[in-house]
file run-v7.txt (compact mmCIF, C-alpha atoms)
# COMPACT_ATOMS: atom_id res chain seq x y z
CA MET S 1 86.03 106.25 99.95
CA ILE S 2 87.10 104.24 96.92
CA LYS S 3 85.38 104.34 93.53
CA ILE S 4 86.01 101.42 91.20
CA ASP S 5 85.09 101.74 87.51
CA GLN S 6 85.58 99.03 84.94
CA ARG S 7 85.79 99.30 81.15
CA LEU S 8 87.11 97.27 78.23
CA GLU S 9 89.89 98.59 75.99
CA GLU S 10 91.45 96.41 73.27
CA ASN S 11 90.29 93.24 75.07
CA ILE S 12 91.98 94.40 78.25
CA GLN S 13 90.00 95.13 81.40
CA VAL S 14 90.88 98.61 82.62
CA ILE S 15 89.92 99.16 86.25
CA GLN S 16 90.03 102.78 87.32
CA LEU S 17 90.55 103.49 91.02
CA GLU S 18 89.57 106.82 92.52
CA GLY S 19 89.99 107.94 96.13
CA ARG S 20 91.65 106.03 98.94
CA LEU S 21 92.82 102.47 99.45
CA ASP S 22 93.13 101.99 103.20
CA SER S 23 92.08 99.38 105.75
CA ASN S 24 88.50 100.65 105.49
CA THR S 25 88.19 100.59 101.68
CA SER S 26 90.60 97.82 100.61
CA PRO S 27 88.04 95.05 101.21
CA GLU S 28 85.95 96.61 98.41
CA LEU S 29 88.78 96.19 95.91
CA SER S 30 89.56 92.75 97.23
CA ASP S 31 85.93 91.67 96.74
CA PHE S 32 85.82 93.26 93.29
CA MET S 33 88.94 91.38 92.15
CA ARG S 34 87.65 88.11 93.61
CA ASN S 35 84.13 88.43 92.20
CA ASN S 36 85.11 89.25 88.63
CA ASP S 37 86.11 86.63 86.15
CA PHE S 38 88.95 88.08 84.08
CA GLU S 39 89.83 84.86 82.28
CA ASP S 40 88.26 85.85 78.94
CA TYR S 41 90.44 88.93 78.62
CA GLN S 42 94.00 89.50 77.54
CA GLY S 43 94.86 91.15 80.82
CA VAL S 44 93.94 93.60 83.56
CA ILE S 45 95.28 97.10 84.11
CA LEU S 46 94.65 99.11 87.28
CA GLU S 47 94.52 102.80 86.32
CA MET S 48 95.56 104.82 89.39
CA THR S 49 95.66 108.45 88.22
CA LYS S 50 92.89 109.40 90.65
CA LEU S 51 94.10 107.26 93.52
CA ASN S 52 95.28 109.76 96.14
CA TYR S 53 96.11 107.46 99.01
CA ILE S 54 97.26 103.90 99.59
CA SER S 55 98.24 102.22 102.86
CA SER S 56 99.71 98.79 103.55
CA ALA S 57 96.15 97.41 103.49
CA GLY S 58 95.84 98.47 99.84
CA LEU S 59 99.29 97.10 99.02
CA ARG S 60 98.21 93.76 100.53
CA VAL S 61 95.28 93.51 98.09
CA LEU S 62 97.61 94.21 95.17
CA LEU S 63 100.11 91.63 96.42
CA ASN S 64 97.41 88.96 96.56
CA SER S 65 95.98 89.95 93.16
CA SER S 66 99.47 89.77 91.64
CA LYS S 67 99.92 86.26 92.98
CA GLU S 68 96.56 85.16 91.59
CA PHE S 69 97.25 86.58 88.12
CA LYS S 70 100.76 85.13 88.12
CA ALA S 71 99.37 81.70 89.05
CA ARG S 72 97.08 81.90 85.99
CA ASP S 73 99.91 83.25 83.83
CA ALA S 74 97.72 86.30 83.07
CA ASP S 75 98.83 89.89 82.52
CA PHE S 76 98.36 92.31 85.42
CA ALA S 77 99.72 95.85 85.37
CA LEU S 78 99.35 99.22 87.06
CA CYS S 79 99.55 102.67 85.51
CA GLY S 80 99.19 106.39 86.16
CA MET S 81 100.48 106.48 89.71
CA GLN S 82 100.99 109.84 91.37
CA ASP S 83 104.60 110.36 92.51
CA HIS S 84 103.91 110.03 96.25
CA ILE S 85 102.13 106.71 95.64
CA ARG S 86 104.89 105.44 93.36
CA GLU S 87 107.43 106.16 96.13
CA VAL S 88 105.60 103.74 98.45
CA PHE S 89 105.67 101.01 95.81
CA GLU S 90 109.42 101.54 95.40
CA ILE S 91 110.17 101.53 99.14
CA SER S 92 108.06 98.38 99.57
CA GLY S 93 109.83 96.64 96.71
CA PHE S 94 106.52 96.19 94.89
CA ASP S 95 107.99 97.79 91.76
CA THR S 96 110.23 94.72 91.40
CA PHE S 97 107.38 92.28 90.75
CA LEU S 98 104.55 94.53 89.51
CA LYS S 99 104.47 95.98 86.01
CA ILE S 100 104.11 99.73 86.53
CA HIS S 101 103.63 102.04 83.54
CA PRO S 102 103.54 105.86 83.57
CA THR S 103 100.37 106.10 81.48
CA LEU S 104 97.43 103.94 80.40
CA ASP S 105 98.50 104.29 76.77
CA GLU S 106 101.93 102.85 77.58
CA ALA S 107 100.34 100.07 79.62
CA LEU S 108 98.03 99.13 76.72
CA HIS S 109 100.81 99.18 74.12
CA LYS S 110 103.74 97.82 76.13
CA MET K 1 101.76 124.76 116.74
CA THR K 2 100.13 121.81 118.49
CA LEU K 3 97.10 119.73 117.48
CA HIS K 4 95.25 117.07 119.45
CA LEU K 5 93.08 114.24 118.23
CA THR K 6 91.25 111.54 120.18
CA LEU K 7 90.03 108.36 118.49
CA PHE K 8 87.68 105.61 119.66
CA GLN K 9 87.06 102.09 118.38
CA ASN K 10 84.11 102.81 116.11
CA ASP K 11 85.35 106.08 114.63
CA LEU K 12 86.04 106.43 110.92
CA TYR K 13 89.52 107.26 112.10
CA GLN K 14 91.11 107.67 108.68
CA ASP K 15 88.71 110.56 107.96
CA LEU K 16 89.58 112.19 111.28
CA ILE K 17 93.32 111.78 110.63
CA GLU K 18 92.90 113.24 107.13
CA LYS K 19 91.08 116.26 108.54
CA GLU K 20 93.84 116.88 111.11
CA VAL K 21 96.59 116.56 108.51
CA ALA K 22 94.69 118.96 106.21
CA SER K 23 94.78 121.47 109.05
CA LEU K 24 98.53 120.88 109.46
CA LYS K 25 99.03 121.30 105.70
CA GLN K 26 97.21 124.61 105.69
CA GLN K 27 98.95 126.03 108.74
CA LEU K 28 102.46 124.95 107.76
CA ASN K 29 102.06 125.15 103.98
CA LEU K 30 103.32 121.58 103.60
CA GLU K 31 103.83 119.66 100.34
CA LYS K 32 101.25 117.06 99.29
CA ARG K 33 103.89 114.28 99.49
CA ILE K 34 104.79 115.07 103.10
CA CYS K 35 101.13 115.33 104.12
CA TYR K 36 100.52 111.91 102.58
CA GLN K 37 103.42 110.45 104.55
CA ILE K 38 102.15 111.97 107.82
CA SER K 39 98.63 110.58 107.15
CA LEU K 40 100.10 107.19 106.29
CA VAL K 41 102.21 107.07 109.47
CA LEU K 42 99.20 107.92 111.66
CA ASP K 43 96.94 105.52 109.77
CA GLU K 44 99.36 102.58 110.07
CA ILE K 45 100.01 103.17 113.79
CA CYS K 46 96.29 103.52 114.61
CA THR K 47 95.24 100.61 112.38
CA ASN K 48 97.62 98.36 114.32
CA ILE K 49 96.28 99.58 117.65
CA PHE K 50 92.64 99.08 116.59
CA GLN K 51 93.37 95.62 115.18
CA ASN K 52 95.24 94.56 118.33
CA ASN K 53 92.30 95.66 120.48
CA SER K 54 89.38 94.67 118.27
CA ASN K 55 87.54 93.11 121.24
CA SER K 56 87.78 96.19 123.42
CA ASN K 57 85.02 98.80 123.53
CA LYS K 58 87.01 101.01 125.90
CA LEU K 59 89.94 101.69 123.62
CA ARG K 60 91.02 105.29 123.40
CA ILE K 61 93.85 106.73 121.32
CA ASP K 62 95.18 110.21 122.03
CA ILE K 63 97.35 111.81 119.37
CA THR K 64 99.40 114.97 119.78
CA LEU K 65 101.08 116.60 116.79
CA CYS K 66 103.58 119.32 117.59
CA ALA K 67 105.46 121.22 114.89
CA LYS K 68 108.46 123.17 116.11
CA ASN K 69 111.78 124.25 114.60
CA GLY K 70 111.19 122.42 111.32
CA GLU K 71 110.32 119.11 112.97
CA LEU K 72 107.02 117.37 113.59
CA THR K 73 106.72 115.32 116.78
CA ILE K 74 103.81 112.89 116.97
CA ILE K 75 102.92 111.23 120.26
CA VAL K 76 100.37 108.43 120.11
CA GLU K 77 99.07 107.13 123.46
CA ASP K 78 96.58 104.29 123.84
CA ASN K 79 95.08 102.27 126.68
CA GLY K 80 95.15 99.00 124.74
CA ILE K 81 97.11 95.81 125.36
CA PRO K 82 100.89 96.28 125.60
CA PHE K 83 102.30 96.39 122.07
CA ASP K 84 105.65 97.68 120.87
CA PRO K 85 105.28 98.64 117.17
CA THR K 86 109.02 99.25 116.82
CA ALA K 87 109.73 95.56 117.57
CA VAL K 88 107.71 94.16 114.64
CA VAL K 89 109.92 92.20 112.24
CA GLU K 90 110.48 94.07 108.97
CA PRO K 91 109.47 92.39 105.72
CA ASN K 92 112.21 91.52 103.26
CA THR K 93 111.35 93.89 100.41
CA LYS K 94 113.83 92.21 98.07
CA LEU K 95 112.03 88.88 97.90
CA PRO K 96 110.37 87.84 94.62
CA LEU K 97 106.57 87.78 94.37
CA ASN K 98 106.14 84.08 95.17
CA LYS K 99 108.05 84.53 98.45
CA ARG K 100 106.50 87.81 99.56
CA GLU K 101 104.10 87.45 102.46
CA GLU K 102 101.62 89.77 104.14
CA GLY K 103 102.49 91.49 107.38
CA GLY K 104 104.86 94.09 108.78
CA LEU K 105 104.66 96.39 105.78
CA GLY K 106 102.68 99.17 107.49
CA LEU K 107 105.10 99.65 110.38
CA PHE K 108 108.02 99.25 107.95
CA LEU K 109 106.64 102.28 106.04
CA VAL K 110 106.34 104.19 109.33
CA LYS K 111 110.07 103.60 109.95
CA LYS K 112 110.95 104.64 106.40
CA PHE K 113 109.01 107.92 106.55
CA THR K 114 110.20 109.12 109.97
CA SER K 115 113.49 110.05 111.61
CA THR K 116 112.62 108.68 115.06
CA PHE K 117 110.22 105.87 115.95
CA SER K 118 110.25 104.86 119.62
CA TYR K 119 107.98 103.13 122.11
CA THR K 120 107.54 103.03 125.86
CA ARG K 121 104.91 101.70 128.25
CA VAL K 122 103.94 104.38 130.79
CA ASN K 123 101.29 104.13 133.54
CA GLY K 124 99.48 101.29 131.81
CA GLN K 125 99.48 103.08 128.44
CA ASN K 126 101.36 102.45 125.22
CA GLN K 127 103.22 105.57 124.12
CA THR K 128 104.69 105.76 120.64
CA THR K 129 106.77 108.78 119.68
CA ILE K 130 107.57 109.65 116.09
CA ARG K 131 109.59 112.51 114.69
CA LYS K 132 109.62 113.74 111.12
CA ASP K 133 111.74 116.43 109.52
CA LEU K 134 109.61 119.12 107.89
CA GLU K 135 112.39 121.41 106.70
CA ASN K 136 112.55 121.92 102.93
CA HIS K 137 109.10 120.37 102.58
CA THR K 138 106.99 123.48 102.45
CA GLN K 139 105.49 124.71 99.20
CA GLN K 140 107.06 127.70 97.53
CA PRO K 141 104.43 130.48 97.51
CA SER K 142 105.77 132.02 94.29
CA THR K 143 105.13 128.88 92.15
CA GLY K 144 101.38 128.93 92.51
CA ASN K 145 101.59 125.16 92.84
CA SER K 146 98.26 123.72 93.91
CA GLN K 147 99.75 120.68 95.73

call {"tool": "encode", "arguments": {"input": "run-v7.txt", "output": "structure tokens"}}
result
Amino acid sequence: MIKIDQRLEENIQVIQLEGRLDSNTSPELSDFMRNNDFEDYQGVILEMTKLNYISSAGLRVLLNSSKEFKARDADFALCGMQDHIREVFEISGFDTFLKIHPTLDEALHK
Amino acid sequence: MTLHLTLFQNDLYQDLIEKEVASLKQQLNLEKRICYQISLVLDEICTNIFQNNSNSNKLRIDITLCAKNGELTIIVEDNGIPFDPTAVVEPNTKLPLNKREEGGLGLFLVKKFTSTFSYTRVNGQNQTTIRKDLENHTQQPSTGNSQ
């Protein structure tokens, strides 16, 4: 199960993820990112404090989202990862092209 | 201790894997990080098998998890098309964003989180064997850590 909540903070879209991002739930996030128009906002932050699990299917959605935001020259960042999730981003090399902040506050005021 | 799990094409297999790993966690007092890695390894292996056999309604995956002497051995057997997961080309994790492509990442993570990852085809079945070191990955009872 994945729960996706969206709110606005300082003209930045904060998307909070809760639960699991696997091959079963990743299409929900993919659809959400595709169906929302983020162009009127300063950027998008994925808040992952409550994300307990991510597989390669979830990483794939984030890879594609990163490419789309980069193509539009828009800000896209992640924050609040639990340590075991962060380790997967590091091993996959995703920490080299994604902006990853320890907390939402740091992500908002980078 | 030994656990068995059988999966079929239409199962919500991630939930079943999670339940089995929760049982392993409880019985061996394993850390949250290690349990996540075991779940991820099983998920990635099974996701590949299900995707490779998406047209089959007779697919069956049998998983055996055996913890002994500080090591977890996982044997995954399936009756799907022949497929060697250890032969999948690894992604280059050093490439910049514009050159990164999808594919291969799941089995790459399996290799990274295990000490042995081998494959053989036996009696018309795919058999994948994975070993993972569990030593020094149990929770300390005195800390009261809720991991």

call {"tool": "residues_around", "arguments": {"input": "run-v7.txt", "residues": "Ile54 in chain S", "least_positions_apart": "4", "cutoff": "10 Å", "atoms": "all atoms listed in the file", "output": "PyMOL selection string"}}
result
(chain S and resi 19-23+25-26+58-59+84-86+88-89) or (chain K and resi 36+40)

call {"tool": "interface_residues", "arguments": {"input": "run-v7.txt", "of": "chain S", "to": "chain K", "cutoff": "12 Å", "atoms": "all atoms listed in the file", "output": "mmCIF file with C-alpha atoms, keeping the file's coordinate frame"}}
result
data_model
loop_
_atom_site.group_PDB
_atom_site.id
_atom_site.type_symbol
_atom_site.label_atom_id
_atom_site.label_comp_id
_atom_site.auth_asym_id
_atom_site.auth_seq_id
_atom_site.Cartn_x
_atom_site.Cartn_y
_atom_site.Cartn_z
ATOM 1 C CA MET S 1 86.030 106.250 99.950
ATOM 2 C CA ARG S 20 91.650 106.030 98.940
ATOM 3 C CA LEU S 21 92.820 102.470 99.450
ATOM 4 C CA ASP S 22 93.130 101.990 103.200
ATOM 5 C CA SER S 23 92.080 99.380 105.750
ATOM 6 C CA ASN S 24 88.500 100.650 105.490
ATOM 7 C CA THR S 25 88.190 100.590 101.680
ATOM 8 C CA ASN S 52 95.280 109.760 96.140
ATOM 9 C CA TYR S 53 96.110 107.460 99.010
ATOM 10 C CA ILE S 54 97.260 103.900 99.590
ATOM 11 C CA SER S 55 98.240 102.220 102.860
ATOM 12 C CA SER S 56 99.710 98.790 103.550
ATOM 13 C CA ALA S 57 96.150 97.410 103.490
ATOM 14 C CA GLY S 58 95.840 98.470 99.840
ATOM 15 C CA LEU S 59 99.290 97.100 99.020
ATOM 16 C CA ARG S 60 98.210 93.760 100.530
ATOM 17 C CA VAL S 61 95.280 93.510 98.090
ATOM 18 C CA LEU S 62 97.610 94.210 95.170
ATOM 19 C CA LEU S 63 100.110 91.630 96.420
ATOM 20 C CA ASN S 64 97.410 88.960 96.560
ATOM 21 C CA SER S 65 95.980 89.950 93.160
ATOM 22 C CA SER S 66 99.470 89.770 91.640
ATOM 23 C CA LYS S 67 99.920 86.260 92.980
ATOM 24 C CA GLU S 68 96.560 85.160 91.590
ATOM 25 C CA PHE S 69 97.250 86.580 88.120
ATOM 26 C CA LYS S 70 100.760 85.130 88.120
ATOM 27 C CA ALA S 71 99.370 81.700 89.050
ATOM 28 C CA GLN S 82 100.990 109.840 91.370
ATOM 29 C CA ASP S 83 104.600 110.360 92.510
ATOM 30 C CA HIS S 84 103.910 110.030 96.250
ATOM 31 C CA ILE S 85 102.130 106.710 95.640
ATOM 32 C CA ARG S 86 104.890 105.440 93.360
ATOM 33 C CA GLU S 87 107.430 106.160 96.130
ATOM 34 C CA VAL S 88 105.600 103.740 98.450
ATOM 35 C CA PHE S 89 105.670 101.010 95.810
ATOM 36 C CA GLU S 90 109.420 101.540 95.400
ATOM 37 C CA ILE S 91 110.170 101.530 99.140
ATOM 38 C CA SER S 92 108.060 98.380 99.570
ATOM 39 C CA GLY S 93 109.830 96.640 96.710
ATOM 40 C CA PHE S 94 106.520 96.190 94.890
ATOM 41 C CA ASP S 95 107.990 97.790 91.760
ATOM 42 C CA THR S 96 110.230 94.720 91.400
ATOM 43 C CA PHE S 97 107.380 92.280 90.750
ATOM 44 C CA LEU S 98 104.550 94.530 89.510
ATOM 45 C CA LYS S 99 104.470 95.980 86.010
#

call {"tool": "residues_around", "arguments": {"input": "run-v7.txt", "residues": "Val122 in chain K", "least_positions_apart": "3", "cutoff": "12 Å", "atoms": "all atoms listed in the file", "output": "list in words"}}
result
Val76, Glu77, Asp78, Asn79, Gly80, Pro82, Phe83, Tyr119, Gln125, Asn126, Gln127 and Thr128 of chain K

call {"tool": "residues_around", "arguments": {"input": "run-v7.txt", "residues": "Thr64 in chain K", "least_positions_apart": "3", "cutoff": "8 Å", "atoms": "only C-alpha atoms", "output": "ChimeraX atom specification"}}
result
/K:2-5,73-76

call {"tool": "build_atoms", "arguments": {"input": "run-v7.txt", "residues": "range 126-137 of chain K", "atoms": "all heavy atoms", "output": "CSV table (one decimal), in the coordinates of the input"}}
result
chain,number,residue,atom,x,y,z
K,126,ASN,N,100.3,102.5,126.3
K,126,ASN,CA,101.4,102.4,125.2
K,126,ASN,C,101.6,103.9,124.8
K,126,ASN,O,100.7,104.6,124.5
K,126,ASN,CB,100.9,101.6,124.0
K,126,ASN,CG,100.6,100.2,124.3
K,126,ASN,OD1,101.5,99.5,124.8
K,126,ASN,ND2,99.4,99.7,124.1
K,127,GLN,N,102.9,104.2,124.6
K,127,GLN,CA,103.2,105.6,124.1
K,127,GLN,C,104.2,105.4,123.0
K,127,GLN,O,105.3,104.9,123.2
K,127,GLN,CB,103.8,106.4,125.2
K,127,GLN,CG,104.0,107.9,124.8
K,127,GLN,CD,104.6,108.7,125.9
K,127,GLN,OE1,105.8,108.8,126.1
K,127,GLN,NE2,103.7,109.4,126.6
K,128,THR,N,103.8,105.8,121.8
K,128,THR,CA,104.7,105.8,120.6
K,128,THR,C,105.0,107.2,120.2
K,128,THR,O,104.1,108.0,120.1
K,128,THR,CB,104.0,105.0,119.5
K,128,THR,OG1,103.5,103.8,119.9
K,128,THR,CG2,104.9,104.9,118.3
K,129,THR,N,106.3,107.4,120.1
K,129,THR,CA,106.8,108.8,119.7
K,129,THR,C,107.5,108.7,118.3
K,129,THR,O,108.3,107.9,118.1
K,129,THR,CB,107.7,109.4,120.7
K,129,THR,OG1,107.1,109.4,122.0
K,129,THR,CG2,108.1,110.8,120.4
K,130,ILE,N,107.1,109.6,117.5
K,130,ILE,CA,107.6,109.6,116.1
K,130,ILE,C,108.0,111.1,115.8
K,130,ILE,O,107.3,112.0,116.1
K,130,ILE,CB,106.4,109.3,115.1
K,130,ILE,CG1,106.0,107.8,115.4
K,130,ILE,CG2,106.9,109.4,113.7
K,130,ILE,CD1,104.5,107.7,115.1
K,131,ARG,N,109.2,111.2,115.1
K,131,ARG,CA,109.6,112.5,114.7
K,131,ARG,C,109.8,112.5,113.2
K,131,ARG,O,110.3,111.5,112.6
K,131,ARG,CB,110.9,112.9,115.4
K,131,ARG,CG,110.6,113.2,116.9
K,131,ARG,CD,111.8,114.0,117.6
K,131,ARG,NE,111.3,114.3,118.9
K,131,ARG,CZ,111.4,113.5,120.0
K,131,ARG,NH1,111.8,112.3,119.9
K,131,ARG,NH2,111.0,114.0,121.1
K,132,LYS,N,109.5,113.6,112.6
K,132,LYS,CA,109.6,113.7,111.1
K,132,LYS,C,110.1,115.1,110.8
K,132,LYS,O,109.6,116.1,111.3
K,132,LYS,CB,108.3,113.5,110.4
K,132,LYS,CG,108.4,113.5,108.9
K,132,LYS,CD,107.2,113.0,108.2
K,132,LYS,CE,107.3,112.9,106.7
K,132,LYS,NZ,108.4,112.1,106.2
K,133,ASP,N,111.2,115.2,109.9
K,133,ASP,CA,111.7,116.4,109.5
K,133,ASP,C,110.8,117.1,108.5
K,133,ASP,O,110.4,116.5,107.6
K,133,ASP,CB,113.1,116.1,108.9
K,133,ASP,CG,113.8,117.4,108.4
K,133,ASP,OD1,113.4,118.5,108.9
K,133,ASP,OD2,114.7,117.3,107.6
K,134,LEU,N,110.5,118.4,108.8
K,134,LEU,CA,109.6,119.1,107.9
K,134,LEU,C,110.4,120.2,107.1
K,134,LEU,O,109.8,120.8,106.2
K,134,LEU,CB,108.5,119.9,108.7
K,134,LEU,CG,107.5,119.0,109.5
K,134,LEU,CD1,106.5,119.9,110.2
K,134,LEU,CD2,106.8,118.0,108.6
K,135,GLU,N,111.6,120.4,107.4
K,135,GLU,CA,112.4,121.4,106.7
K,135,GLU,C,112.5,121.1,105.2
K,135,GLU,O,112.7,119.9,104.9
K,135,GLU,CB,113.8,121.6,107.3
K,135,GLU,CG,113.7,122.5,108.6
K,135,GLU,CD,115.1,122.9,109.1
K,135,GLU,OE1,116.1,122.2,108.8
K,135,GLU,OE2,115.1,123.9,109.8
K,136,ASN,N,112.5,122.1,104.4
K,136,ASN,CA,112.6,121.9,102.9
K,136,ASN,C,111.4,121.2,102.3
K,136,ASN,O,111.4,120.7,101.2
K,136,ASN,CB,113.8,121.2,102.5
K,136,ASN,CG,115.1,121.9,103.1
K,136,ASN,OD1,115.1,123.1,103.1
K,136,ASN,ND2,116.0,121.1,103.6
K,137,HIS,N,110.3,121.1,103.1
K,137,HIS,CA,109.1,120.4,102.6
K,137,HIS,C,107.9,121.3,102.6
K,137,HIS,O,106.8,120.8,102.5
K,137,HIS,CB,108.8,119.1,103.4
K,137,HIS,CG,109.9,118.1,103.3
K,137,HIS,ND1,110.3,117.6,102.0
K,137,HIS,CD2,110.6,117.4,104.2
K,137,HIS,CE1,111.2,116.7,102.2
K,137,HIS,NE2,111.5,116.6,103.5
